[in-house]
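The data block below is coords_38.txt; it holds compact mmCIF, C-alpha atoms.
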# COMPACT_ATOMS: atom_id res chain seq x y z
CA MET A 1 -5.98 -25.79 9.90
CA SER A 2 -4.47 -28.23 7.41
CA PHE A 3 -3.05 -27.07 4.10
CA LEU A 4 -5.86 -28.69 2.12
CA ALA A 5 -8.58 -27.17 4.32
CA LEU A 6 -6.95 -23.73 4.07
CA PHE A 7 -6.69 -24.10 0.29
CA LEU A 8 -10.35 -25.09 -0.09
CA SER A 9 -11.63 -22.29 2.15
CA THR A 10 -9.45 -19.69 0.41
CA PHE A 11 -10.39 -21.04 -3.02
CA LEU A 12 -14.12 -20.82 -2.26
CA ALA A 13 -13.73 -17.30 -0.85
CA THR A 14 -11.80 -16.25 -3.97
CA CYS A 15 -14.48 -17.72 -6.25
CA ARG A 16 -17.12 -15.83 -4.31
CA ASP A 17 -15.19 -12.58 -4.67
CA VAL A 18 -14.47 -13.01 -8.40
CA LEU A 19 -17.99 -14.22 -9.26
CA PRO A 20 -19.64 -10.74 -9.28
CA ILE A 21 -16.99 -9.48 -11.71
CA ALA A 22 -17.60 -12.40 -14.06
CA VAL A 23 -21.38 -12.00 -13.84
CA ILE A 24 -21.22 -8.27 -14.66
CA ILE A 25 -18.84 -8.75 -17.59
CA LEU A 26 -20.79 -11.65 -19.06
CA GLY A 27 -24.12 -9.93 -18.41
CA PHE A 28 -23.13 -6.78 -20.28
CA GLN A 29 -21.50 -8.74 -23.08
CA LEU A 30 -24.48 -11.02 -23.70
CA ALA A 31 -27.49 -8.93 -22.58
CA VAL A 32 -26.47 -5.35 -23.42
CA LEU A 33 -23.95 -5.64 -26.26
CA ARG A 34 -25.54 -8.90 -27.45
CA ARG A 35 -22.34 -10.22 -28.92
CA PRO A 36 -20.63 -13.54 -28.34
CA ILE A 37 -17.43 -13.66 -26.35
CA ALA A 38 -14.42 -13.79 -28.65
CA GLN A 39 -11.99 -16.58 -27.78
CA TRP A 40 -14.11 -17.75 -24.86
CA GLN A 41 -11.76 -20.70 -24.23
CA ARG A 42 -8.89 -18.29 -23.63
CA VAL A 43 -11.08 -16.11 -21.40
CA GLY A 44 -12.13 -19.14 -19.36
CA ILE A 45 -8.54 -20.27 -18.89
CA GLY A 46 -7.62 -16.74 -17.85
CA PHE A 47 -10.36 -16.58 -15.22
CA ALA A 48 -9.30 -19.96 -13.84
CA ALA A 49 -5.68 -18.83 -13.68
CA VAL A 50 -6.72 -15.66 -11.82
CA ILE A 51 -8.70 -17.63 -9.25
CA VAL A 52 -5.97 -20.21 -8.64
CA GLY A 53 -3.25 -17.56 -8.53
CA LEU A 54 -5.17 -15.39 -6.06
CA THR A 55 -5.84 -18.44 -3.92
CA PHE A 56 -2.17 -19.31 -3.53
CA PHE A 57 -1.28 -15.64 -3.13
CA LEU A 58 -3.74 -15.14 -0.27
CA MET A 59 -2.63 -18.39 1.33
CA GLY A 60 0.97 -17.19 1.29
CA LEU A 61 -0.04 -13.95 2.98
CA GLU A 62 -2.07 -15.77 5.61
CA ILE A 63 0.60 -18.36 6.38
CA ALA A 64 3.76 -16.24 6.28
CA LEU A 65 3.56 -12.48 5.85
CA PHE A 66 0.70 -11.54 8.20
CA PRO A 67 1.96 -13.45 11.27
CA LEU A 68 5.52 -12.30 10.64
CA GLY A 69 4.51 -8.64 10.30
CA LYS A 70 2.43 -8.76 13.47
CA GLU A 71 5.19 -10.48 15.43
CA MET A 72 7.78 -7.97 14.24
CA ALA A 73 5.57 -5.06 15.31
CA GLN A 74 5.10 -6.56 18.77
CA GLN A 75 8.80 -7.26 19.22
CA LEU A 76 9.94 -3.82 18.06
CA THR A 77 7.62 -2.09 20.53
CA ALA A 78 8.14 -4.48 23.43
CA PRO A 79 9.60 -3.00 26.65
CA THR A 80 12.27 -5.71 26.71
CA PHE A 81 13.60 -4.42 23.36
CA LEU A 82 13.31 -0.66 23.92
CA VAL A 83 14.28 -0.51 27.61
CA PRO A 84 16.01 -3.83 28.40
CA GLN A 85 17.46 -2.45 31.66
CA ASN A 86 14.00 -1.56 32.99
CA PRO A 87 11.35 -3.38 30.94
CA THR A 88 8.20 -1.84 32.35
CA ARG A 89 5.32 0.00 30.72
CA GLU A 90 6.13 3.05 32.85
CA ALA A 91 9.64 3.16 31.41
CA LEU A 92 8.23 2.67 27.93
CA ALA A 93 5.82 5.58 28.40
CA SER A 94 8.68 7.94 29.33
CA LEU A 95 10.74 7.19 26.22
CA PRO A 96 11.28 10.06 23.73
CA TRP A 97 9.81 9.70 20.26
CA TYR A 98 13.19 9.07 18.62
CA ALA A 99 13.75 5.99 20.78
CA HIS A 100 11.43 4.15 18.40
CA PHE A 101 13.92 4.52 15.53
CA TRP A 102 13.81 0.84 14.58
CA THR A 103 10.02 0.93 14.51
CA TYR A 104 10.08 3.82 12.03
CA LEU A 105 12.68 2.06 9.90
CA PHE A 106 10.68 -1.17 9.90
CA ALA A 107 7.48 0.72 9.07
CA PHE A 108 9.12 2.40 6.07
CA ALA A 109 10.66 -0.87 4.88
CA ILE A 110 7.44 -2.86 5.18
CA GLY A 111 5.41 -0.10 3.49
CA PHE A 112 7.93 0.17 0.66
CA SER A 113 8.28 -3.56 0.04
CA ALA A 114 4.58 -4.37 0.40
CA THR A 115 3.64 -1.65 -2.08
CA LEU A 116 6.32 -2.77 -4.50
CA ALA A 117 4.79 -6.26 -4.40
CA GLU A 118 1.25 -5.03 -5.11
CA PRO A 119 -0.18 -6.66 -8.27
CA ALA A 120 -2.49 -3.65 -8.74
CA LEU A 121 0.48 -1.27 -8.84
CA LEU A 122 2.24 -3.43 -11.41
CA ALA A 123 -0.88 -3.46 -13.60
CA VAL A 124 -1.23 0.34 -13.42
CA ALA A 125 2.47 0.86 -14.16
CA ILE A 126 2.32 -1.40 -17.22
CA LYS A 127 -0.77 0.40 -18.55
CA ALA A 128 0.87 3.78 -17.95
CA ARG A 129 3.94 2.64 -19.90
CA ASP A 130 1.83 1.38 -22.80
CA VAL A 131 -0.34 4.51 -22.99
CA SER A 132 2.63 6.87 -22.74
CA GLY A 133 4.56 5.04 -25.45
CA GLY A 134 7.36 4.15 -23.05
CA THR A 135 7.83 7.66 -21.65
CA LEU A 136 6.72 6.44 -18.23
CA ARG A 137 8.77 3.43 -17.28
CA VAL A 138 7.47 0.68 -15.03
CA TRP A 139 10.19 0.46 -12.38
CA PRO A 140 10.70 4.19 -11.70
CA LEU A 141 6.94 4.61 -11.30
CA ARG A 142 6.66 1.63 -8.96
CA ILE A 143 9.61 2.86 -6.88
CA ALA A 144 8.13 6.37 -6.67
CA VAL A 145 4.81 4.97 -5.40
CA ALA A 146 6.56 2.61 -2.98
CA LEU A 147 8.67 5.46 -1.55
CA GLY A 148 5.52 7.45 -0.90
CA ALA A 149 3.76 4.51 0.72
CA GLY A 150 6.76 3.75 2.90
CA THR A 151 6.91 7.38 4.01
CA GLY A 152 3.20 7.34 4.80
CA VAL A 153 3.48 4.20 6.94
CA MET A 154 6.52 5.62 8.74
CA LEU A 155 4.72 8.88 9.55
CA GLY A 156 1.71 6.84 10.64
CA THR A 157 3.84 5.09 13.26
CA LEU A 158 5.27 8.45 14.31
CA ARG A 159 1.73 9.78 14.75
CA ILE A 160 0.86 6.85 17.02
CA VAL A 161 4.01 7.30 19.10
CA LEU A 162 3.40 11.05 19.51
CA GLY A 163 -0.35 10.69 20.00
CA VAL A 164 -1.09 13.42 17.45
CA PRO A 165 -4.62 13.37 15.93
CA LEU A 166 -4.80 12.03 12.40
CA LEU A 167 -6.63 15.16 11.23
CA TYR A 168 -3.52 17.32 11.50
CA PHE A 169 -1.46 14.99 9.31
CA LEU A 170 -4.22 14.79 6.71
CA LEU A 171 -4.81 18.54 6.57
CA VAL A 172 -1.13 19.34 6.09
CA GLY A 173 -0.62 16.47 3.67
CA TYR A 174 -3.55 17.26 1.38
CA ALA A 175 -2.69 20.96 1.46
CA LEU A 176 0.74 20.04 0.11
CA VAL A 177 -0.86 17.81 -2.53
CA VAL A 178 -3.13 20.65 -3.70
CA VAL A 179 -0.20 23.06 -3.94
CA GLN A 180 1.94 20.49 -5.73
CA THR A 181 -0.87 19.82 -8.21
CA PHE A 182 -0.60 23.37 -9.56
CA PHE A 183 3.08 22.90 -10.42
CA ALA A 184 3.17 19.24 -11.56
CA PRO A 185 2.93 18.30 -15.26
CA ARG A 186 -0.73 18.05 -16.20
CA ALA A 187 -0.31 14.63 -17.81
CA ILE A 188 0.93 13.03 -14.59
CA ILE A 189 -1.69 14.38 -12.15
CA PRO A 190 -4.46 11.79 -12.81
CA LEU A 191 -1.91 8.96 -12.66
CA ALA A 192 -0.49 10.34 -9.41
CA TYR A 193 -3.91 10.42 -7.79
CA ASP A 194 -4.67 6.89 -8.98
CA SER A 195 -1.28 5.69 -7.74
CA GLY A 196 -2.31 6.57 -4.21
CA GLY A 197 -5.38 4.37 -4.54
CA VAL A 198 -3.58 1.27 -5.80
CA THR A 199 -1.56 1.08 -2.59
CA THR A 200 -4.70 0.03 -0.70
CA SER A 201 -4.81 -3.47 -2.10
CA THR A 202 -4.27 -7.09 -1.16
CA VAL A 203 -0.76 -6.95 0.28
CA THR A 204 -0.41 -3.52 1.84
CA VAL A 205 -3.67 -3.05 3.75
CA PRO A 206 -3.53 -6.09 6.10
CA ILE A 207 0.15 -5.61 6.92
CA VAL A 208 -0.19 -1.88 7.59
CA ALA A 209 -3.35 -2.38 9.64
CA ALA A 210 -1.69 -5.08 11.73
CA LEU A 211 1.32 -2.84 12.31
CA GLY A 212 -0.83 0.12 13.42
CA LEU A 213 -2.97 -1.94 15.77
CA GLY A 214 0.05 -3.70 17.25
CA LEU A 215 1.83 -0.41 17.85
CA ALA A 216 -1.22 1.25 19.43
CA THR A 217 -1.70 -1.77 21.69
CA GLN A 218 1.88 -1.81 22.92
CA ILE A 219 2.40 1.91 23.58
CA PRO A 220 0.87 3.13 26.87
CA GLU A 221 -2.01 5.61 26.76
CA ARG A 222 -2.87 4.74 23.16
CA ASN A 223 -6.28 3.43 22.11
CA PRO A 224 -6.14 0.82 19.31
CA LEU A 225 -9.55 1.95 18.03
CA THR A 226 -8.73 5.66 17.72
CA ASP A 227 -4.94 5.50 17.28
CA GLY A 228 -4.40 2.13 15.60
CA PHE A 229 -6.29 3.01 12.43
CA GLY A 230 -5.53 5.80 9.98
CA MET A 231 -2.19 4.57 8.68
CA ILE A 232 -3.79 3.46 5.42
CA ALA A 233 -5.02 7.02 4.84
CA LEU A 234 -1.43 8.25 5.04
CA THR A 235 -0.28 5.37 2.85
CA VAL A 236 -2.68 6.62 0.16
CA LEU A 237 -1.68 10.26 0.58
CA PHE A 238 2.08 10.29 0.11
CA PRO A 239 2.36 8.35 -3.18
CA MET A 240 0.51 11.26 -4.82
CA MET A 241 3.36 13.54 -3.71
CA THR A 242 6.17 11.22 -4.76
CA VAL A 243 4.71 10.47 -8.21
CA MET A 244 4.17 14.16 -8.95
CA GLY A 245 7.62 14.87 -7.54
CA TYR A 246 9.08 12.19 -9.81
CA ALA A 247 7.41 13.82 -12.82
CA GLN A 248 8.61 17.29 -11.77
CA LEU A 249 12.15 16.01 -11.30
CA ALA A 250 12.10 14.29 -14.71
CA GLN A 251 10.78 17.46 -16.34
CA TRP A 252 13.49 19.57 -14.70
CA TRP A 253 16.18 17.07 -15.74
CA ASN A 254 15.00 17.05 -19.35
CA ARG A 255 15.09 20.83 -19.49
CA ARG A 256 18.55 20.88 -17.96
CA SER A 257 19.82 18.23 -20.37
CA LYS A 258 18.66 20.08 -23.48
CA PRO A 259 21.44 22.10 -25.08
CA SER A 260 20.86 25.82 -24.90
CA ALA A 261 20.12 27.53 -28.20
Translate this structure into structure tokens?
Amino acid sequence: MSFLALFLSTFLATCRDVLPIAVIILGFQLAVLRRPIAQWQRVGIGFAAVIVGLTFFLMGLEIALFPLGKEMAQQLTAPTFLVPQNPTREALASLPWYAHFWTYLFAFAIGFSATLAEPALLAVAIKARDVSGGTLRVWPLRIAVALGAGTGVMLGTLRIVLGVPLLYFLLVGYALVVVQTFFAPRAIIPLAYDSGGVTTSTVTVPIVAALGLGLATQIPERNPLTDGFGMIALTVLFPMMTVMGYAQLAQWWNRRSKPSA
């Protein structure tokens, strides 16, 4: 597909996706509130910038990041890389779980970097900074969420390698989240739960899904349908822990830094 054809198809798809949002906002503004749109020229320019920006962003993902992520996953789990002296699927099936070290490292790195690049996470971090009066800073919050997402993707690859059902990881993980919720600062809990949701956005989901499916396809005795999915659920889970942990650590540090009376 030529660059122009890809641009036009992506642009039309983006317009179709943004159109319901525009219709709802304009409908409520004009039909329910019955007030004119203030600075409608600026709003129109903003909508156009969003559509064009999303178009180029999605094109970049489609052209570069998605194929590269899929190729890396296939190469890291290929028998010729893991067992070059005997590159067969039988030799690959007999490998211990720690032989996939580079796969775990790549999974963490791609989960961390993809989450850090999420526009939704940046928007939430900026709003949290504004609402908190600067108490919550943008970069520490983004790094805390990205660390959790990277950990979730890494454990998702470990689950596929071991063949452990997803239910066990989710039960243990959410039990830890519930316990941690009782000890975390109350002000950070809603933000921590929302931070898990913003990881499932434009950048992270396709890359993580491609990694899980590629890994489940390459490893013997794994079913891509039952084992390849579920990594996104873990990617959502662990940022809740890291954000609450970041708040608990900051609270402990502030108490420690205060001079004793």
Considering all atoms listed in the file, return as number ranges by chain whatever protein or nucleic-acid residues lie within 6 Å of stretch 243-260 of chain A, sequence-local ones (same chain, fewer than 5 positions apart) excluded.
A: 144, 184, 192
Write out as JSON an axis-aligned box for stretch 190-198 of chain A: all of its atoms listed in the file, 4 Å added on each side, centre and edge lengths in Å with one decimal.
{"center_x": -2.9, "center_y": 6.5, "center_z": -8.5, "size_x": 12.9, "size_y": 18.5, "size_z": 16.6}
By how many Å are atom CA of A:Met59 and atom CA of A:Met72 apart?
19.6 Å
Could you check the closest approach to A:Phe106 for each of A:Gln74, A:Gln41, A:Thr14, A:Thr181 and tell me which residue wins, using all atoms listed in the file?
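Answer, going by the shortest atom-to-atom distance: A:Gln74.
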Per-residue nearest contacts stretch 41-136 of chain A to stretch 24-27 of chain A, cut-off 12 Å, using all atoms listed in the file, as a tab-separated table:
residue	atom	partner	partner_atom	distance
A:Val43	CA	A:Leu26	CA	10.9
A:Gly44	CA	A:Leu26	CA	11.5
A:Phe47	CA	A:Ile25	CA	11.8
Identify which of the residues A:Ile143, A:Val83, A:Leu54, A:Ala5 lies closest to A:Val18, counting only C-alpha atoms when measuring atom-to-atom distances.
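Checking each candidate against A:Val18, we get A:Leu54 as the closest.
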